[in-house]
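All remarks here apply to the structure that follows.
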Number of protein chains: 2
Amino acid sequence: MTDTKVYLLDGGTLVIDGFHAFWNRGPAGEVRFPCYSVVIEHKDGRYMFDTGYDFDHVMRVLPFEKPIQDESQKIPGQLAKIGLKPGDINYVINSHYHFDHCGGNKHLHNACTICHAKELEQSANCQPFEHLGYSDLTFSPEIMKAKGVELPPDPVLDVYTPKFETLSGDQEIAKGLWLFETPGHTAGHYSLMVELKNRRPMLFTADACYSQKNMDMMCISSFHLDPTASLNSMKRLKALAEKYDAELFYSHDLESFKTYQTGANYYS
Amino acid sequence: MTDTKVYLLDGGTLVIDGFHAFWNRGPAGEVRFPCYSVVIEHKDGRYMFDTGYDFDHVMRVLPFEKPIQDESQKIPGQLAKIGLKPGDINYVINSHYHFDHCGGNKHLHNACTICHAKELEQSANCQPFEHLGYSDLTFSPEIMKAKGVELPPDPVLDVYTPKFETLSGDQEIAKGLWLFETPGHTAGHYSLMVELKNRRPMLFTADACYSQKNMDMMCISSFHLDPTASLNSMKRLKALAEKYDAELFYSHDLESFKTYQTGANYYS
């Protein structure tokens, strides 16, 4: 049996306003933040948690988020750094279906895609104020169809994520890989905890908490479906970190991200 | 029997950011908006709907909202313009208990105070992100006590609103005076419709819709407890206006406010 390894894939950066990062607090002004994916080499297979954003999509639909992402920061380039090809990933877990967390799904044509049942449902029938968040669902012909968008017959369809598996409740999806329900930011949001042999568990908050500063201020982001649930999820993450002596890894925290190991360096 | 008359009391202005006025839309930058109260002379008594903000409170707790309010814009000054004293008001209805809608309650020492049952409950046990909104509850020793704040024995207590009446559901509280449930911005928000003899009904949205622009964009404000409910309430207001052929009067819309009749001019 191989010990579990965790790699972080640097997927470039985006910009939002300070009033988006810190709901009703700000201060105003551009906040540039990282987007990254997590690859877990596990004895049961290769998992990827979130897949970042698709550069072309952002330039077309949300250019005001000023994406910076070079070729090496796209999913194939990042996987190459750790000696893998997109077809090597067996499972893609999406914390949620906002465009900056599922933009690379379409590269992962062999993977089974896992998300919370409520997330699949909501992304196809979202509130108007969620439209931009859920703007890149092209990896799923099923969701696009549920939204009433007919995709043209296209050879590119062959690389769309072929299979979905939905979950509810907290789940240990493989030994030491825990999905914890953290809704509020979206309807069916999951955070991921990975238990490792040689260090404290890693608890990936995803967008249930953007940054250390959000956690310190107990301030959620301005992108949310249910702020009360969102605040409760942030409290939950804090409690989980204490319970399991886990280290929190935030989704969009440039300062923290600089201290994370990326590329071929891994956690085990 | 006297025909019902409606007076609008100009309570000055405040400033918020464009990202607060238009949730996640903006644009950023200062938006100055009016706060006003509505006095209804009805055969059953004198009603006031909302009471604006208290200048001293805002300067102490939220000076960044840059209040502009002269003496004539405080409740006693505004009532004097229509020949009334604070003691002449029989009923105060608060759409909700945010500081800019109940700041003048304490002047109205003879009035019975009416609000939604859920609003009284939530204002005493609000979410952390609602604290600033609910920061001026000093008119109610009961709520302050429920929040765990002991008010000092003080002669000023004599002017605190002495009596609460809570309601649930839509209510015709007097002939032609309708309260419609419009939750989301807060837990127990009411909008008010007044039917008049000589013109279309007036539908006061209160903070279920700040402005015509919010309505046109179907964009709620960034201050909310439940954005989904908030959007549904905005849709409800639109439907009510159509059903009753009512004119919408927005709570915080400088352009619209300039076209409203204020002071001794009234609607009937």
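Here, A, B, ... name the chains of the structure tokens in the order displayed, residue numbers run from 1 inside each chain, and ligands are numbered from 1 in the same displayed order.
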(request) Restrict the distance test to only C-alpha atoms, flag each residue of chain A within 7 Å of chain B, and return the flagged residues as a PyMOL selection string. (result) chain A and resi 19-20+24+222+225-227
Next, write the just-selected residues to a file, as a PDB file, in the first residue's frame, keeping C-alpha atoms as the atom set.
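Now in selection_23.pdb:
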```pdb
ATOM      1  CA  PHE A  19     -16.679  44.140  -0.925  1.00  0.00           C
ATOM      2  CA  HIS A  20     -17.062  40.732  -2.614  1.00  0.00           C
ATOM      3  CA  ASN A  24     -20.459  44.427   3.535  1.00  0.00           C
ATOM      4  CA  SER A 222     -20.588  38.440  -0.730  1.00  0.00           C
ATOM      5  CA  LEU A 225     -27.099  31.687  -1.411  1.00  0.00           C
ATOM      6  CA  ASP A 226     -27.775  31.661   2.329  1.00  0.00           C
ATOM      7  CA  PRO A 227     -25.636  33.860   4.574  1.00  0.00           C
TER       8      PRO A 227
END
```
(request) Tell me, as JSON, numbers by chain, which residues lie within 12 Å of B:Asn105, counting only C-alpha atoms; anything in the same chain fewer than 2 positions away does not count. (result) {"B": [37, 48, 49, 50, 51, 52, 53, 54, 74, 75, 76, 86, 87, 89, 90, 91, 92, 93, 94, 96, 97, 98, 99, 100, 101, 102, 103, 107, 108, 109, 110, 111, 112, 113, 114, 136, 137, 138, 139, 140, 159, 160, 161, 162, 163, 164]}
Put those residues in a file: N, CA and C atoms, as a tab-separated table (two decimals), in the first residue's frame.
```tsv
chain	number	residue	atom	x	y	z
B	37	SER	N	-40.16	59.28	6.41
B	37	SER	CA	-41.24	58.65	7.15
B	37	SER	C	-42.56	58.99	6.45
B	48	MET	N	-47.81	56.40	11.73
B	48	MET	CA	-46.54	56.73	11.08
B	48	MET	C	-45.87	55.43	10.67
B	49	PHE	N	-45.43	55.39	9.41
B	49	PHE	CA	-44.72	54.21	8.88
B	49	PHE	C	-43.25	54.57	8.76
B	50	ASP	N	-42.44	53.93	9.56
B	50	ASP	CA	-41.00	54.18	9.67
B	50	ASP	C	-40.71	55.58	10.21
B	51	THR	N	-39.53	55.71	10.83
B	51	THR	CA	-39.25	56.97	11.53
B	51	THR	C	-37.84	57.48	11.25
B	52	GLY	N	-37.19	56.96	10.19
B	52	GLY	CA	-35.87	57.48	9.82
B	52	GLY	C	-34.77	57.12	10.80
B	53	TYR	N	-33.67	57.85	10.70
B	53	TYR	CA	-32.52	57.54	11.58
B	53	TYR	C	-32.31	58.65	12.61
B	54	ASP	N	-31.62	58.28	13.66
B	54	ASP	CA	-31.25	59.25	14.69
B	54	ASP	C	-29.84	59.74	14.40
B	74	LYS	N	-35.49	66.33	11.70
B	74	LYS	CA	-35.76	65.37	12.78
B	74	LYS	C	-37.28	65.25	12.93
B	75	ILE	N	-37.72	64.20	13.57
B	75	ILE	CA	-39.16	63.92	13.67
B	75	ILE	C	-39.96	65.11	14.21
B	76	PRO	N	-39.55	65.74	15.33
B	76	PRO	CA	-40.36	66.87	15.82
B	76	PRO	C	-40.45	68.01	14.80
B	86	PRO	N	-45.09	65.24	18.33
B	86	PRO	CA	-44.83	63.80	18.45
B	86	PRO	C	-45.92	63.07	19.23
B	87	GLY	N	-46.47	63.70	20.25
B	87	GLY	CA	-47.50	63.03	21.05
B	87	GLY	C	-48.80	62.80	20.29
B	89	ILE	N	-49.10	61.27	17.44
B	89	ILE	CA	-49.09	60.02	16.66
B	89	ILE	C	-49.61	58.86	17.52
B	90	ASN	N	-50.60	58.15	16.99
B	90	ASN	CA	-51.22	57.05	17.75
B	90	ASN	C	-50.57	55.70	17.51
B	91	TYR	N	-50.10	55.49	16.27
B	91	TYR	CA	-49.50	54.20	15.93
B	91	TYR	C	-48.21	54.41	15.13
B	92	VAL	N	-47.17	53.71	15.52
B	92	VAL	CA	-45.95	53.67	14.71
B	92	VAL	C	-45.82	52.26	14.14
B	93	ILE	N	-45.76	52.18	12.83
B	93	ILE	CA	-45.51	50.89	12.19
B	93	ILE	C	-44.08	50.93	11.66
B	94	ASN	N	-43.28	49.96	12.05
B	94	ASN	CA	-41.92	49.89	11.49
B	94	ASN	C	-41.85	48.76	10.47
B	96	HIS	N	-39.28	47.47	9.48
B	96	HIS	CA	-38.30	46.59	10.13
B	96	HIS	C	-37.51	47.46	11.09
B	97	TYR	N	-36.60	46.84	11.86
B	97	TYR	CA	-35.93	47.58	12.92
B	97	TYR	C	-34.49	47.99	12.59
B	98	HIS	N	-34.15	48.13	11.33
B	98	HIS	CA	-32.85	48.71	11.02
B	98	HIS	C	-32.87	50.18	11.47
B	99	PHE	N	-31.67	50.64	11.88
B	99	PHE	CA	-31.54	51.94	12.54
B	99	PHE	C	-32.10	53.11	11.73
B	100	ASP	N	-32.12	52.96	10.40
B	100	ASP	CA	-32.59	54.09	9.58
B	100	ASP	C	-34.09	54.03	9.32
B	101	HIS	N	-34.75	53.12	10.05
B	101	HIS	CA	-36.21	53.02	9.92
B	101	HIS	C	-36.93	53.13	11.26
B	102	CYS	N	-36.15	53.17	12.35
B	102	CYS	CA	-36.78	53.25	13.68
B	102	CYS	C	-36.09	54.26	14.58
B	103	GLY	N	-35.18	55.06	14.01
B	103	GLY	CA	-34.41	56.00	14.82
B	103	GLY	C	-35.24	57.09	15.47
B	107	HIS	N	-39.14	59.38	19.87
B	107	HIS	CA	-39.87	60.64	20.03
B	107	HIS	C	-41.37	60.42	20.22
B	108	LEU	N	-41.85	59.26	19.80
B	108	LEU	CA	-43.30	59.06	19.65
B	108	LEU	C	-43.86	58.36	20.88
B	109	HIS	N	-43.88	59.10	21.96
B	109	HIS	CA	-44.10	58.50	23.28
B	109	HIS	C	-45.53	58.12	23.57
B	110	ASN	N	-46.46	58.54	22.72
B	110	ASN	CA	-47.86	58.12	22.93
B	110	ASN	C	-48.26	56.96	22.04
B	111	ALA	N	-47.36	56.58	21.13
B	111	ALA	CA	-47.77	55.65	20.08
B	111	ALA	C	-47.68	54.19	20.51
B	112	CYS	N	-48.58	53.40	19.97
B	112	CYS	CA	-48.44	51.95	20.03
B	112	CYS	C	-47.56	51.55	18.84
B	113	THR	N	-46.55	50.74	19.11
B	113	THR	CA	-45.57	50.38	18.08
B	113	THR	C	-45.91	49.02	17.49
B	114	ILE	N	-46.04	48.99	16.17
B	114	ILE	CA	-46.48	47.77	15.47
B	114	ILE	C	-45.35	47.27	14.58
B	136	ASP	N	-29.56	50.40	16.56
B	136	ASP	CA	-30.28	51.42	17.33
B	136	ASP	C	-31.63	50.89	17.80
B	137	LEU	N	-31.59	50.16	18.90
B	137	LEU	CA	-32.83	49.60	19.45
B	137	LEU	C	-33.10	50.22	20.82
B	138	THR	N	-32.48	51.35	21.06
B	138	THR	CA	-32.59	51.96	22.38
B	138	THR	C	-33.99	52.46	22.69
B	139	PHE	N	-34.83	52.55	21.66
B	139	PHE	CA	-36.21	52.96	21.93
B	139	PHE	C	-36.97	51.88	22.69
B	140	SER	N	-36.39	50.67	22.71
B	140	SER	CA	-37.10	49.56	23.36
B	140	SER	C	-36.27	48.93	24.47
B	159	VAL	N	-39.50	58.49	27.53
B	159	VAL	CA	-39.97	58.72	26.17
B	159	VAL	C	-39.85	57.46	25.31
B	160	TYR	N	-39.34	56.36	25.87
B	160	TYR	CA	-39.25	55.16	25.06
B	160	TYR	C	-40.63	54.66	24.68
B	161	THR	N	-40.71	54.09	23.50
B	161	THR	CA	-41.97	53.54	23.00
B	161	THR	C	-42.52	52.57	24.04
B	162	PRO	N	-43.71	52.83	24.53
B	162	PRO	CA	-44.17	52.07	25.68
B	162	PRO	C	-44.84	50.74	25.35
B	163	LYS	N	-45.31	50.58	24.16
B	163	LYS	CA	-46.19	49.41	23.92
B	163	LYS	C	-45.96	48.83	22.53
B	164	PHE	N	-45.80	47.51	22.46
B	164	PHE	CA	-45.61	46.85	21.17
B	164	PHE	C	-46.83	46.02	20.80
```
Against stretch 190-212 of chain B, which residues of stretch 101-175 of chain B fall within 10 Å? For each one I want the closest pair of atoms and the distance in Å (one decimal), counting only C-alpha atoms, rows by chain and increasing residue number, as CSV.
```
residue,atom,partner,partner_atom,distance
B:His101,CA,B:Ala206,CA,8.7
B:Cys115,CA,B:Tyr190,CA,7.7
B:His116,CA,B:Tyr190,CA,7.0
B:Glu119,CA,B:Tyr190,CA,9.4
B:Leu167,CA,B:Tyr190,CA,9.8
B:Ser168,CA,B:Tyr190,CA,9.6
B:Gly169,CA,B:Tyr190,CA,9.3
B:Asp170,CA,B:Tyr190,CA,8.5
B:Gln171,CA,B:Leu192,CA,9.7
B:Glu172,CA,B:Met193,CA,9.3
B:Ala174,CA,B:Val194,CA,9.7
B:Lys175,CA,B:Glu195,CA,8.4
```
With C-alpha atoms retained, could you export that selection as a tab-separated table (two decimals), in the first residue's frame?
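And here is the file that came out, result.tsv:
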```tsv
chain	number	residue	atom	x	y	z
B	101	HIS	CA	-36.21	53.02	9.92
B	115	CYS	CA	-44.11	45.39	13.72
B	116	HIS	CA	-43.95	41.85	12.39
B	119	GLU	CA	-38.88	41.22	13.36
B	167	LEU	CA	-48.49	40.94	13.63
B	168	SER	CA	-48.02	38.04	11.25
B	169	GLY	CA	-49.25	37.56	7.72
B	170	ASP	CA	-50.74	40.21	5.49
B	171	GLN	CA	-53.03	42.53	7.43
B	172	GLU	CA	-55.50	45.31	6.73
B	174	ALA	CA	-57.35	49.86	9.23
B	175	LYS	CA	-59.65	50.42	6.29
```
(request) Find the residue from A:Leu14, A:Glu165, A:Ala241, A:Gly184 that sits nearest to A:Phe64; use only C-alpha atoms when measuring. (result)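 Ranking A:Leu14, A:Glu165, A:Ala241, A:Gly184 by distance to A:Phe64, first place goes to A:Leu14.
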(request) Using DSSP on the backbone coordinates, identify the residues of stretch 86-126 of chain B assigned to strand (DSSP E or B); present them as a list in words. (result)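 Strand (DSSP E or B) members of stretch 86-126 of chain B, listed: Tyr91, Val92, Ile93, Cys112, Thr113, Ile114, Cys115 and His116 of chain B.
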(request) Work out how far atom CA of B:Arg32 is from atom CA of B:Ile16, in Å to one decimal. (result) 6.6 Å
(request) as JSON, numbers by chain, please: all residues of stretch 8-252 of chain A that backbone DSSP puts in alpha helix (DSSP H). (result) {"A": [18, 19, 20, 21, 55, 56, 57, 58, 59, 60, 61, 75, 76, 77, 78, 79, 80, 81, 99, 100, 101, 102, 117, 118, 119, 120, 121, 122, 123, 124, 141, 142, 143, 144, 145, 146, 212, 213, 214, 215, 216, 217, 227, 228, 229, 230, 231, 232, 233, 234, 235, 236, 237, 238, 239, 240, 241, 242, 243, 244]}
(message) To one decimal place in Å, what is the distance between atom CA of B:His185 and atom CA of B:Ser233?
(response)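 Between these atoms lies a distance of 8.9 Å.
Take the candidates A:Ser72, A:Ser268, A:Thr13, A:Thr186 and check each one against A:Tyr134 using only C-alpha atoms; the shortest distance goes to A:Thr186.
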